[in-house]
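A short worksheet on the structure shown next.
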Amino acid sequence: PPRFAVIGHPVSHSLSPFIHARFGRQLGIELEYVAIDAAPDNFDASLAAFAAEGGVGANITLPHKQRAAAICGNLSERARRVGVVNTLTRTATGWDGDNTDGLGLVRDLTGRHGQDLRGRKVLLLGAGGAAQGVAPALLDAGIADLFIVNRTDARTDALADALGEPDRVHPRYFNDLGSIGSFDLIINATSIARTATGELVLPGSLIAPRCDVVDLGYGDAAIPFLSWARASGADHTIDGLGMLVEQAAESFRIWHGVRPDGDAVYDELRTHES
Ligand code: ATR
């Protein structure tokens with residue numbers, strides 16, 4: 001069968017092999033999908049080894065999404081806009097790069113959670129790889145305004161510039177969060193919970209009436225932020241499990257030409273969680 005992989009560091013807890021195996025079974029498509037751990041210095045060599053062993057497609061996760069974009073022969077328009085890639089497809093001469101994270105998030109929010117993103121005032125916390133991956137799709141989904149706040153201001157500005165929509169995209173300082181107003185949708189795209197370097201301490205004034213709050217992480221990593229959101233009066237709180245499944249479904253479509261239904265595997269993962 002054709003060989004696929006997720007390449008990251010750490011990667012042992014990745015759910016992608018499970019999700020892609022389920023999709024393959026659902027559609028009667030044979031495939032092999034493994035997890036490859038590659039330290040930052042080792043990404044290029046790991047990818048080359050994977051290709052030499054017949055690898056035809058790879059999902060790229062932390063911390064390699066930027067490097068993956070740099071090695072591509074061709075980038076999709078949505079990957080080029082922000083310079084991060086989560087899906088590589090082997091070509092005759094190298095790799096094509098795409099990014100399905102943003103579409104995955106939007107599909108989860110609009111499909112699974114029945115949300116209408118149009119006209120919403122959105123706060124994006126973080127400006128790293130995860131934030132870069134989802135920002136273009138949020139704009140494409142018709143949100144009214146995207147405020148970006150990140151601990152390191154230079155990264156906030158770089159992401160805002162890359163998005164190229166100064167009328168709708170507003171970089172703001174982290175220290176101004178208390179006076180920035182309130183939002184309809186708040187998305188945590190920082191890695192704070194994963195790195196255990198601290199906790200986001202945010203003012204409850206960010207939460208507008210009927211505000212929905214999303215953490216792009218899932219499992220334990222999503223608990224602190226979504227607990228804060230519930231305690232501060234958020235309407236719906238949504239973790240990143242649905243986005244994970246939907247970005248995988250879109251990668252699967254790129255590789256196999258058919259789009260699997262994410263609901264069954266999503267339900268299965270939720271059941272395992274509790
Ligand atoms: P990812 O691909 O998960 O986005 P990343 O590119 O390393 O990983 O980005 C991590 C994000 O979490 C960044 O927005 C980072 O802020 P900086 O750009 O200032 O580093 C944010 N982050 C991580 N730890 C943080 C902390 N303790 N407080 C605030 N932000 C934090």
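Labeling convention for the structure tokens: chains A, B, ... as they appear, residues from 1 per chain, ligands from 1 in order of appearance.
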
Practice task
Could the residues that lie within 9 Å of ligand 1, counting only C-alpha atoms and all ligand atoms, be listed as a ChimeraX atom specification?
Solution key: /A:61-66,125-133,149-156,174,188-200,216-217

Residues just named, written with C-alpha atoms as a PDB file, in the first residue's frame:
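Saved to selection-v4.pdb:
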```pdb
ATOM      1  CA  THR A  61       3.336  19.043  12.747  1.00  0.00           C
ATOM      2  CA  LEU A  62       5.292  20.887  15.422  1.00  0.00           C
ATOM      3  CA  PRO A  63       7.922  22.195  15.094  1.00  0.00           C
ATOM      4  CA  HIS A  64       8.440  21.660  11.370  1.00  0.00           C
ATOM      5  CA  LYS A  65       5.590  23.478   9.624  1.00  0.00           C
ATOM      6  CA  GLN A  66       7.738  26.413   8.552  1.00  0.00           C
ATOM      7  CA  LEU A 125      -4.298  34.660  20.643  1.00  0.00           C
ATOM      8  CA  GLY A 126      -0.895  33.648  19.318  1.00  0.00           C
ATOM      9  CA  ALA A 127       1.000  34.285  16.104  1.00  0.00           C
ATOM     10  CA  GLY A 128       3.039  31.085  15.735  1.00  0.00           C
ATOM     11  CA  GLY A 129       2.569  28.189  13.373  1.00  0.00           C
ATOM     12  CA  ALA A 130      -0.909  27.281  14.589  1.00  0.00           C
ATOM     13  CA  ALA A 131      -2.196  30.861  14.348  1.00  0.00           C
ATOM     14  CA  GLN A 132      -0.637  31.304  10.915  1.00  0.00           C
ATOM     15  CA  GLY A 133      -2.331  28.128   9.744  1.00  0.00           C
ATOM     16  CA  VAL A 149      -2.447  39.444  20.042  1.00  0.00           C
ATOM     17  CA  ASN A 150       0.809  37.662  20.751  1.00  0.00           C
ATOM     18  CA  ARG A 151       3.377  37.811  23.542  1.00  0.00           C
ATOM     19  CA  THR A 152       6.065  38.799  21.040  1.00  0.00           C
ATOM     20  CA  ASP A 153       4.868  41.869  19.146  1.00  0.00           C
ATOM     21  CA  ALA A 154       7.160  41.353  16.156  1.00  0.00           C
ATOM     22  CA  ARG A 155       5.367  38.096  15.385  1.00  0.00           C
ATOM     23  CA  THR A 156       1.964  39.745  15.704  1.00  0.00           C
ATOM     24  CA  PHE A 174      -0.632  41.764  24.723  1.00  0.00           C
ATOM     25  CA  ASN A 188      -6.345  30.275  21.622  1.00  0.00           C
ATOM     26  CA  ALA A 189      -3.585  29.371  19.187  1.00  0.00           C
ATOM     27  CA  THR A 190      -0.745  29.622  21.707  1.00  0.00           C
ATOM     28  CA  SER A 191       1.240  26.635  22.896  1.00  0.00           C
ATOM     29  CA  ILE A 192       1.216  27.699  26.541  1.00  0.00           C
ATOM     30  CA  ALA A 193      -0.580  24.612  27.835  1.00  0.00           C
ATOM     31  CA  ARG A 194       1.771  22.324  25.924  1.00  0.00           C
ATOM     32  CA  THR A 195       4.961  24.039  27.027  1.00  0.00           C
ATOM     33  CA  ALA A 196       3.955  24.388  30.681  1.00  0.00           C
ATOM     34  CA  THR A 197       5.720  27.738  30.723  1.00  0.00           C
ATOM     35  CA  GLY A 198       2.826  29.413  32.396  1.00  0.00           C
ATOM     36  CA  GLU A 199      -0.819  30.193  32.162  1.00  0.00           C
ATOM     37  CA  LEU A 200      -2.696  32.733  30.098  1.00  0.00           C
ATOM     38  CA  LEU A 216      -6.817  24.652  19.088  1.00  0.00           C
ATOM     39  CA  GLY A 217      -5.410  22.080  21.494  1.00  0.00           C
TER      40      GLY A 217
END
```

Practice prompt. Please provide the set of residues having any atom within 8 Å of Asp235 in chain A, restricted to only C-alpha atoms, with same-chain residues fewer than 6 positions apart removed, written as a ChimeraX atom specification.
Written response: /A:209-213

Dump N, CA and C atoms for the selected residues as a short mmCIF file (atom, residue, chain, number, x, y, z; two decimals), in the first residue's frame?
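Result went into selection.cif, see below:
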```
data_model
loop_
_atom_site.label_atom_id
_atom_site.label_comp_id
_atom_site.auth_asym_id
_atom_site.auth_seq_id
_atom_site.Cartn_x
_atom_site.Cartn_y
_atom_site.Cartn_z
N PRO A 209 -21.35 39.00 25.23
CA PRO A 209 -22.48 38.09 25.37
C PRO A 209 -22.54 37.13 24.17
N ARG A 210 -22.78 35.86 24.39
CA ARG A 210 -22.83 34.82 23.36
C ARG A 210 -21.49 34.59 22.68
N CYS A 211 -20.42 34.92 23.38
CA CYS A 211 -19.08 34.67 22.83
C CYS A 211 -18.76 33.19 22.86
N ASP A 212 -18.23 32.68 21.75
CA ASP A 212 -17.75 31.31 21.70
C ASP A 212 -16.23 31.31 21.81
N VAL A 213 -15.70 30.30 22.49
CA VAL A 213 -14.27 30.25 22.73
C VAL A 213 -13.71 28.91 22.28
#
```

A straight line from CA of Leu226 in chain A to CA of Ile19 in chain A spans 24.3 Å

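Take CA of Leu244 in chain A and CA of Leu105 in chain A: the distance between them is 7.9 Å.
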
Which residues are close to range 257-260 of chain A, i.e. within 10 Å by only C-alpha atoms, leaving aside same-chain residues fewer than 5 positions away? Reply as an mmCIF file with N, CA and C atoms, in the first residue's frame.
```cif
data_model
loop_
_atom_site.group_PDB
_atom_site.id
_atom_site.type_symbol
_atom_site.label_atom_id
_atom_site.label_comp_id
_atom_site.auth_asym_id
_atom_site.auth_seq_id
_atom_site.Cartn_x
_atom_site.Cartn_y
_atom_site.Cartn_z
ATOM 1 N N HIS A 20 -6.219 8.442 9.994
ATOM 2 C CA HIS A 20 -6.077 8.077 8.574
ATOM 3 C C HIS A 20 -6.376 6.599 8.330
ATOM 4 N N ARG A 22 -8.586 4.857 9.992
ATOM 5 C CA ARG A 22 -10.058 4.789 10.021
ATOM 6 C C ARG A 22 -10.658 5.295 8.709
ATOM 7 N N PHE A 23 -10.117 6.405 8.201
ATOM 8 C CA PHE A 23 -10.619 6.945 6.926
ATOM 9 C C PHE A 23 -10.417 5.927 5.810
ATOM 10 N N GLY A 24 -9.232 5.307 5.772
ATOM 11 C CA GLY A 24 -8.943 4.325 4.737
ATOM 12 C C GLY A 24 -9.927 3.164 4.795
ATOM 13 N N ARG A 25 -10.189 2.699 6.022
ATOM 14 C CA ARG A 25 -11.116 1.584 6.201
ATOM 15 C C ARG A 25 -12.518 1.976 5.745
ATOM 16 N N GLN A 26 -12.918 3.203 6.118
ATOM 17 C CA GLN A 26 -14.250 3.695 5.753
ATOM 18 C C GLN A 26 -14.458 3.681 4.241
ATOM 19 N N LEU A 27 -13.399 4.016 3.497
ATOM 20 C CA LEU A 27 -13.539 4.180 2.049
ATOM 21 C C LEU A 27 -12.952 3.018 1.264
ATOM 22 N N ILE A 29 -9.835 2.096 1.112
ATOM 23 C CA ILE A 29 -8.558 2.474 0.501
ATOM 24 C C ILE A 29 -7.422 1.940 1.375
ATOM 25 N N GLU A 246 -10.943 17.158 10.990
ATOM 26 C CA GLU A 246 -11.299 17.780 9.707
ATOM 27 C C GLU A 246 -10.073 18.159 8.879
ATOM 28 N N ALA A 248 -7.391 16.456 8.913
ATOM 29 C CA ALA A 248 -6.966 15.143 8.399
ATOM 30 C C ALA A 248 -7.837 14.732 7.207
ATOM 31 N N ALA A 249 -9.131 14.985 7.306
ATOM 32 C CA ALA A 249 -10.035 14.624 6.208
ATOM 33 C C ALA A 249 -9.651 15.368 4.928
ATOM 34 N N GLU A 250 -9.262 16.635 5.086
ATOM 35 C CA GLU A 250 -8.877 17.428 3.913
ATOM 36 C C GLU A 250 -7.527 16.957 3.354
ATOM 37 N N SER A 251 -6.590 16.588 4.209
ATOM 38 C CA SER A 251 -5.332 16.011 3.718
ATOM 39 C C SER A 251 -5.603 14.711 2.972
ATOM 40 N N PHE A 252 -6.493 13.903 3.530
ATOM 41 C CA PHE A 252 -6.867 12.629 2.908
ATOM 42 C C PHE A 252 -7.441 12.873 1.505
ATOM 43 N N VAL A 265 -15.209 8.965 13.167
ATOM 44 C CA VAL A 265 -13.951 8.891 13.916
ATOM 45 C C VAL A 265 -13.914 9.946 15.026
#
```

Just the number, please: distance in Å from CA of Leu88 in chain A to CA of Ile60 in chain A, one decimal.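 Computed distance, CA of Leu88 in chain A to CA of Ile60 in chain A, equals 7.4 Å.
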
* Give the strand (DSSP E) residues of range 2-69 of chain A, as assigned by DSSP on the backbone, as a list in words. =>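 Those residues are Arg3, Phe4, Ala5, Val6, Ile7, Gly8, Glu32, Tyr33, Val34, Ala35, Ile36, Asp37, Gly55, Val56, Gly57, Ala58, Asn59 and Ile60 of chain A.
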
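Excluding Phe43 in chain A itself and same-chain residues fewer than 6 positions from it, the residues having an atom within 10 Å of it are Ile7, Gly8, His9, Ile36, Asp37, Ala49, Ile60, Pro63, His64, Arg67 and Ala68 of chain A, counting only C-alpha atoms.
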
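Secondary structure by DSSP on the backbone puts the following residues of range 108-158 of chain A in helix (DSSP H, G or I): Asp108, Leu109, Thr110, Gly111, Arg112, Gly129, Ala130, Ala131, Gln132, Gly133, Val134, Ala135, Pro136, Ala137, Leu138, Leu139, Asp140, Asp153, Ala154, Arg155, Thr156, Asp157 and Ala158 of chain A.
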
Of A:Ile254, A:Leu202, A:Ala231, A:Ile143, the one sitting nearest Lys121 in chain A when using only C-alpha atoms is A:Ile143

Considering only C-alpha atoms, return as a list in words whatever protein or nucleic-acid residues lie within 9 Å of range 111-118 of chain A, sequence-local ones (same chain, fewer than 4 positions apart) excluded.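 Using only C-alpha atoms, the neighbours found are Val106, Arg107, Leu138, Ala141, Gly142, Ile143, Ala144, Leu185, Ile238, Gly242 and Asp263 of chain A.
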
Please identify all polymer residues within 10 Å of Gly204 in chain A, counting only C-alpha atoms, omitting same-chain residues fewer than 3 positions from it, and present them as a list in words.
-> Leu177, Gly178, Ser182, Val201, Ile207, Ala208, Trp228, Ala229, Ala231, Ser232, Gly233 and Ala234 of chain A

Just-selected residues, N, CA and C atoms written as a short mmCIF file (atom, residue, chain, number, x, y, z; two decimals), in the first residue's frame:
```cif
data_model
loop_
_atom_site.label_atom_id
_atom_site.label_comp_id
_atom_site.auth_asym_id
_atom_site.auth_seq_id
_atom_site.Cartn_x
_atom_site.Cartn_y
_atom_site.Cartn_z
N LEU A 177 -4.82 43.91 26.38
CA LEU A 177 -5.98 43.02 26.38
C LEU A 177 -7.10 43.50 27.30
N GLY A 178 -6.74 44.23 28.36
CA GLY A 178 -7.75 44.72 29.30
C GLY A 178 -8.61 45.84 28.72
N SER A 182 -14.56 43.63 23.68
CA SER A 182 -15.02 42.25 23.81
C SER A 182 -15.23 41.64 22.43
N VAL A 201 -3.28 34.52 31.61
CA VAL A 201 -4.20 35.19 32.53
C VAL A 201 -4.86 36.31 31.75
N ILE A 207 -14.88 38.65 26.88
CA ILE A 207 -16.00 37.79 26.51
C ILE A 207 -17.28 38.61 26.32
N ALA A 208 -17.70 38.76 25.08
CA ALA A 208 -18.97 39.45 24.80
C ALA A 208 -20.12 38.48 25.09
N TRP A 228 -11.25 28.68 31.93
CA TRP A 228 -11.31 30.14 32.11
C TRP A 228 -12.50 30.71 31.34
N ALA A 229 -12.66 30.24 30.11
CA ALA A 229 -13.72 30.78 29.26
C ALA A 229 -15.10 30.51 29.86
N ALA A 231 -15.82 29.92 33.00
CA ALA A 231 -15.97 30.69 34.24
C ALA A 231 -16.23 32.16 33.94
N SER A 232 -15.80 32.62 32.76
CA SER A 232 -15.98 34.03 32.40
C SER A 232 -17.24 34.26 31.59
N GLY A 233 -18.05 33.22 31.42
CA GLY A 233 -19.35 33.41 30.79
C GLY A 233 -19.42 33.11 29.31
N ALA A 234 -18.46 32.38 28.78
CA ALA A 234 -18.53 32.02 27.36
C ALA A 234 -19.76 31.17 27.09
#
```

**Request:** Would you list the contacts of Pro136 in chain A as a list in words, taking every protein, DNA or RNA residue within 8 Å and counting only C-alpha atoms, but skipping same-chain residues closer than 5 positions in sequence?
**Result:** Arg78, Arg81, Val82, Gly102 and Leu163 of chain A

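In this comparison, which uses only C-alpha atoms, the residue of A:Pro166, A:Gly28, A:Gly94, A:Gly73 approaching Phe147 in chain A most closely is A:Pro166.
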
Using only C-alpha atoms, the shortest atom-to-atom distance to Asn59 in chain A among A:Leu31, A:Thr91, A:Gln247, A:Ser227 belongs to A:Gln247

Of A:Asp145, A:Glu32, A:Asp101, A:Asp108, the one sitting nearest Asp167 in chain A when using only C-alpha atoms is A:Asp145
